[in-house]
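Peer 1: So here's data13.txt, just compact mmCIF, C-alpha atoms:
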```
# COMPACT_ATOMS: atom_id res chain seq x y z
CA MET A 1 -17.33 6.68 1.41
CA PRO A 2 -14.35 7.08 -0.92
CA THR A 3 -12.24 4.13 -1.94
CA PRO A 4 -8.78 4.66 -0.44
CA ASN A 5 -5.57 3.99 -2.34
CA LYS A 6 -4.00 2.06 0.52
CA ALA A 7 -0.60 1.61 -1.15
CA ALA A 8 -0.28 5.34 -1.84
CA LEU A 9 -1.40 6.29 1.67
CA ASP A 10 0.98 3.75 3.26
CA PHE A 11 3.81 5.20 1.15
CA LEU A 12 3.04 8.76 2.24
CA LEU A 13 2.78 7.76 5.89
CA SER A 14 6.17 6.04 5.80
CA ARG A 15 8.15 8.08 3.25
CA ARG A 16 11.60 9.17 4.29
CA SER A 17 14.13 11.25 2.37
CA ARG A 18 17.54 9.66 1.88
CA PRO A 19 20.55 11.85 2.75
CA ALA A 20 22.14 13.07 -0.48
CA LYS A 21 25.61 12.08 0.72
CA THR A 22 24.47 8.43 0.83
CA LEU A 23 23.27 8.37 -2.80
CA THR A 24 25.40 6.78 -5.49
CA MET A 25 25.26 5.17 -8.93
CA PRO A 26 23.26 3.91 -10.66
CA ILE A 27 21.00 6.88 -11.31
CA PRO A 28 17.81 7.03 -13.35
CA ASP A 29 18.36 7.01 -17.11
CA ARG A 30 16.76 9.72 -19.20
CA ALA A 31 13.48 7.84 -19.74
CA ALA A 32 13.12 7.03 -16.04
CA LEU A 33 13.92 10.63 -15.07
CA GLU A 34 11.45 12.02 -17.62
CA LEU A 35 8.73 9.89 -15.98
CA LEU A 36 9.60 11.38 -12.57
CA LEU A 37 9.60 14.92 -14.00
CA THR A 38 6.23 14.26 -15.62
CA ALA A 39 4.81 13.14 -12.26
CA ALA A 40 6.24 16.25 -10.56
CA ALA A 41 4.74 18.53 -13.21
CA ARG A 42 1.26 17.35 -12.16
CA SER A 43 1.56 19.51 -9.04
CA PRO A 44 -1.08 22.13 -8.22
CA ASP A 45 -0.66 25.08 -10.56
CA HIS A 46 -3.35 27.74 -10.17
CA GLY A 47 -4.01 29.37 -13.52
CA LYS A 48 -2.02 26.71 -15.42
CA LEU A 49 0.94 29.11 -15.55
CA GLU A 50 3.70 26.52 -15.12
CA PRO A 51 5.64 28.94 -12.88
CA TRP A 52 8.58 26.55 -12.60
CA ARG A 53 11.00 24.63 -14.75
CA PHE A 54 13.63 21.92 -14.40
CA ILE A 55 17.38 21.96 -14.92
CA VAL A 56 18.80 18.42 -14.96
CA LEU A 57 22.33 18.46 -13.57
CA THR A 58 24.51 15.52 -14.57
CA LYS A 59 27.99 14.77 -13.19
CA PRO A 60 29.90 17.25 -15.42
CA ALA A 61 27.51 20.10 -14.52
CA LEU A 62 27.63 19.20 -10.83
CA SER A 63 31.45 19.21 -10.92
CA ARG A 64 31.42 22.64 -12.60
CA LEU A 65 29.08 24.00 -9.93
CA ALA A 66 31.27 22.57 -7.15
CA VAL A 67 34.22 24.57 -8.50
CA LEU A 68 32.07 27.73 -8.67
CA ILE A 69 31.06 27.30 -5.02
CA SER A 70 34.60 27.74 -3.71
CA GLY A 71 35.04 31.14 -5.33
CA ARG A 72 31.57 32.38 -4.44
CA GLY A 73 31.84 31.24 -0.84
CA GLN A 74 35.15 33.02 -0.38
CA ALA A 75 33.83 36.19 -2.04
CA LEU A 76 30.84 36.20 0.32
CA GLY A 77 32.92 35.46 3.42
CA ILE A 78 31.13 32.19 4.07
CA ASP A 79 32.62 30.01 6.81
CA PRO A 80 35.09 27.52 5.22
CA GLU A 81 33.24 24.53 6.71
CA LYS A 82 30.00 25.69 5.08
CA ILE A 83 31.83 26.11 1.76
CA THR A 84 33.22 22.57 2.02
CA LYS A 85 29.77 21.16 2.83
CA ALA A 86 28.11 23.02 -0.06
CA LYS A 87 30.86 21.99 -2.45
CA ALA A 88 30.47 18.32 -1.46
CA GLN A 89 26.71 18.56 -2.12
CA PHE A 90 27.57 19.00 -5.80
CA ALA A 91 30.98 17.35 -6.19
CA ASP A 92 29.86 14.05 -4.65
CA ALA A 93 26.55 13.88 -6.51
CA ASP A 94 25.84 11.99 -9.72
CA LEU A 95 22.45 13.52 -10.52
CA ALA A 96 20.39 16.44 -9.23
CA VAL A 97 17.44 18.31 -10.62
CA ALA A 98 17.26 22.03 -9.91
CA VAL A 99 13.61 23.02 -9.62
CA ILE A 100 13.46 26.64 -10.66
CA SER A 101 10.71 28.93 -9.43
CA SER A 102 9.90 31.07 -12.46
CA PRO A 103 6.81 33.18 -11.69
CA LYS A 104 4.78 34.47 -14.62
CA PRO A 105 3.02 37.83 -14.86
CA SER A 106 -0.57 37.34 -13.78
CA GLU A 107 -3.35 39.59 -12.55
CA LYS A 108 -5.22 36.60 -11.10
CA ILE A 109 -2.50 34.45 -9.52
CA PRO A 110 -0.29 36.15 -6.91
CA GLN A 111 3.44 35.50 -7.15
CA ILE A 112 3.50 33.81 -3.73
CA GLU A 113 1.05 31.15 -4.97
CA GLN A 114 3.33 30.52 -7.92
CA VAL A 115 6.29 30.10 -5.56
CA TYR A 116 4.24 27.65 -3.47
CA SER A 117 3.58 25.71 -6.67
CA ALA A 118 7.34 25.38 -7.26
CA GLY A 119 7.70 24.03 -3.72
CA ALA A 120 4.96 21.52 -4.46
CA VAL A 121 6.89 20.43 -7.55
CA CYS A 122 9.97 19.81 -5.38
CA LEU A 123 8.01 17.56 -3.02
CA ALA A 124 6.27 15.79 -5.89
CA LEU A 125 9.60 15.06 -7.59
CA LEU A 126 11.08 13.84 -4.31
CA ASN A 127 8.11 11.56 -3.68
CA ALA A 128 8.02 10.30 -7.28
CA ALA A 129 11.69 9.32 -7.05
CA LEU A 130 11.15 7.55 -3.72
CA ALA A 131 8.03 5.81 -5.00
CA ALA A 132 10.00 4.60 -8.03
CA GLY A 133 12.55 3.00 -5.70
CA TRP A 134 15.31 5.59 -5.89
CA GLY A 135 16.89 7.38 -3.00
CA ALA A 136 16.19 11.12 -3.09
CA ASN A 137 16.76 14.28 -1.08
CA TRP A 138 15.60 17.89 -1.38
CA LEU A 139 18.39 20.37 -0.57
CA SER A 140 18.90 24.10 -0.88
CA GLY A 141 21.48 26.04 1.14
CA TRP A 142 23.25 29.35 0.69
CA THR A 143 24.16 28.60 -2.93
CA SER A 144 20.51 28.53 -3.95
CA HIS A 145 20.04 32.07 -2.63
CA ASP A 146 23.22 33.62 -4.04
CA ARG A 147 22.27 35.64 -7.15
CA ALA A 148 25.73 35.39 -8.70
CA PHE A 149 25.85 31.61 -8.21
CA VAL A 150 22.43 30.97 -9.75
CA ARG A 151 23.08 33.43 -12.58
CA ASP A 152 26.57 32.19 -13.47
CA GLY A 153 26.04 28.54 -12.59
CA LEU A 154 22.48 27.93 -13.72
CA ASP A 155 21.84 30.85 -16.08
CA LEU A 156 18.74 31.95 -14.15
CA GLU A 157 16.84 35.08 -15.11
CA ASP A 158 16.57 37.89 -12.55
CA HIS A 159 13.02 36.90 -11.56
CA GLU A 160 13.91 33.22 -11.06
CA THR A 161 15.05 31.45 -7.91
CA VAL A 162 16.02 27.92 -6.94
CA ALA A 163 13.15 26.19 -5.13
CA GLY A 164 15.37 23.20 -4.46
CA PHE A 165 17.98 20.77 -5.67
CA ILE A 166 16.51 17.27 -5.77
CA HIS A 167 19.30 14.71 -5.58
CA ILE A 168 18.41 11.28 -6.98
CA GLY A 169 20.39 8.04 -6.97
CA THR A 170 20.72 4.64 -5.40
CA GLU A 171 20.69 4.66 -1.63
CA THR A 172 23.61 2.97 0.10
CA ALA A 173 22.09 2.95 3.59
CA ALA A 174 18.57 3.24 4.88
CA PRO A 175 18.30 6.28 7.15
CA PRO A 176 17.02 5.85 10.69
CA GLU A 177 13.54 7.10 11.42
CA ARG A 178 13.43 10.54 12.95
CA PRO A 179 10.96 12.12 15.35
CA ARG A 180 7.78 13.31 13.67
CA PRO A 181 5.54 16.23 14.64
CA ASP A 182 3.11 15.93 17.51
CA MET A 183 -0.14 16.31 15.58
CA THR A 184 -2.04 17.59 18.62
CA ALA A 185 0.48 20.43 19.02
CA ILE A 186 0.20 21.61 15.41
CA THR A 187 -3.48 21.00 14.62
CA SER A 188 -6.48 23.18 15.41
CA TRP A 189 -10.04 22.09 14.74
CA VAL A 190 -12.53 24.85 13.93
CA ASP A 191 -16.13 23.73 14.09
CA ALA A 192 -17.97 27.05 14.06
```
Could you spell out this file's structure in structure tokens?
Peer 2:
Amino acid sequence: MPTPNKAALDFLLSRRSRPAKTLTMPIPDRAALELLLTAAARSPDHGKLEPWRFIVLTKPALSRLAVLISGRGQALGIDPEKITKAKAQFADADLAVAVISSPKPSEKIPQIEQVYSAGAVCLALLNAALAAGWGANWLSGWTSHDRAFVRDGLDLEDHETVAGFIHIGTETAAPPERPRPDMTAITSWVDA
């Protein structure tokens, strides 16, 4: 029988994202954030392609992106309430890490597997931040799918997309527990 890592399993069974709007200062310093990024970079990566990268967004960058959101939202005809919500996601934040899906040419590793790897990096970064005692939340939204926003705001290449914005800070309120999936409804057992 394997020897379980009870602390790690207990963490995973009780982990809970913290709403980004409840996160505040202080935020991880550069050394603390580099440790979290290093943990996230240990995610599954078939072919060792590193089909993702990080963009660390500090307060000045987040403020710049918030301004860009207003113009882009209006140009796209986005509902004003959705524009306000997206703008607040950046304007009210002190630190976020954009995890960028950046697939590499490969005959062996399909692009979809590389995109999955970027998603795994998002979850690993989220969990690393929570395990280190920070509040953290994984967000996306219409801005992450708008080519002009990601090109002008984040300088992404045409083949790159935003897998997620991971907001990290100090939580101001513990979120209530939410309903979890009914495991019997989502699990099939195949014995033969």
Peer 1: Go ahead and compute the interatomic distance for atom CA of Val121 of chain A and atom CA of Val190 of chain A, in Å to one decimal.
Peer 2: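 So the answer is 29.3 Å.
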Peer 1: For Arg151 of chain A, find every residue with an atom within 12 Å (counting all atoms listed in the file), except residues of its own chain fewer than 4 positions away, and show them as a list of chain:residue names.
Peer 2: A:Leu65, A:Leu68, A:Arg72, A:Ile100, A:Thr143, A:Ser144, A:His145, A:Asp146, A:Arg147, A:Asp155, A:Leu156, A:Glu157, A:Asp158, A:His159, A:Glu160, A:Thr161, A:Val162
Peer 1: Those selected residues, please, written with C-alpha atoms and delivered as an mmCIF file, in the coordinates of the input.
Peer 2:
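Writing done, so here's again-v1.cif:
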```cif
data_model
loop_
_atom_site.group_PDB
_atom_site.id
_atom_site.type_symbol
_atom_site.label_atom_id
_atom_site.label_comp_id
_atom_site.auth_asym_id
_atom_site.auth_seq_id
_atom_site.Cartn_x
_atom_site.Cartn_y
_atom_site.Cartn_z
ATOM 1 C CA LEU A 65 29.080 24.000 -9.930
ATOM 2 C CA LEU A 68 32.070 27.730 -8.670
ATOM 3 C CA ARG A 72 31.570 32.380 -4.440
ATOM 4 C CA ILE A 100 13.460 26.640 -10.660
ATOM 5 C CA THR A 143 24.160 28.600 -2.930
ATOM 6 C CA SER A 144 20.510 28.530 -3.950
ATOM 7 C CA HIS A 145 20.040 32.070 -2.630
ATOM 8 C CA ASP A 146 23.220 33.620 -4.040
ATOM 9 C CA ARG A 147 22.270 35.640 -7.150
ATOM 10 C CA ASP A 155 21.840 30.850 -16.080
ATOM 11 C CA LEU A 156 18.740 31.950 -14.150
ATOM 12 C CA GLU A 157 16.840 35.080 -15.110
ATOM 13 C CA ASP A 158 16.570 37.890 -12.550
ATOM 14 C CA HIS A 159 13.020 36.900 -11.560
ATOM 15 C CA GLU A 160 13.910 33.220 -11.060
ATOM 16 C CA THR A 161 15.050 31.450 -7.910
ATOM 17 C CA VAL A 162 16.020 27.920 -6.940
#
```
Peer 1: Kindly indicate which residue among A:Ala136, A:Ala96, A:Phe149, A:Ile27 lies nearest to Thr58 of chain A, using all atoms listed in the file for the distances.
Peer 2: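 Using all atoms listed in the file, Thr58 of chain A sits closest to A:Ala96.
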Peer 1: Point out the residue among A:Ala163, A:Leu49, A:Leu33, A:Ala174 with the least atom-to-atom distance to Ile109 of chain A, counting all atoms listed in the file.
Peer 2: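 Residue with the minimum atom-to-atom distance to Ile109 of chain A: A:Leu49.
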Peer 1: Which one is closest to Thr24 of chain A: A:Val115, A:Leu95, A:Leu126, A:Ala120? Count only C-alpha atoms.
Peer 2: A:Leu95
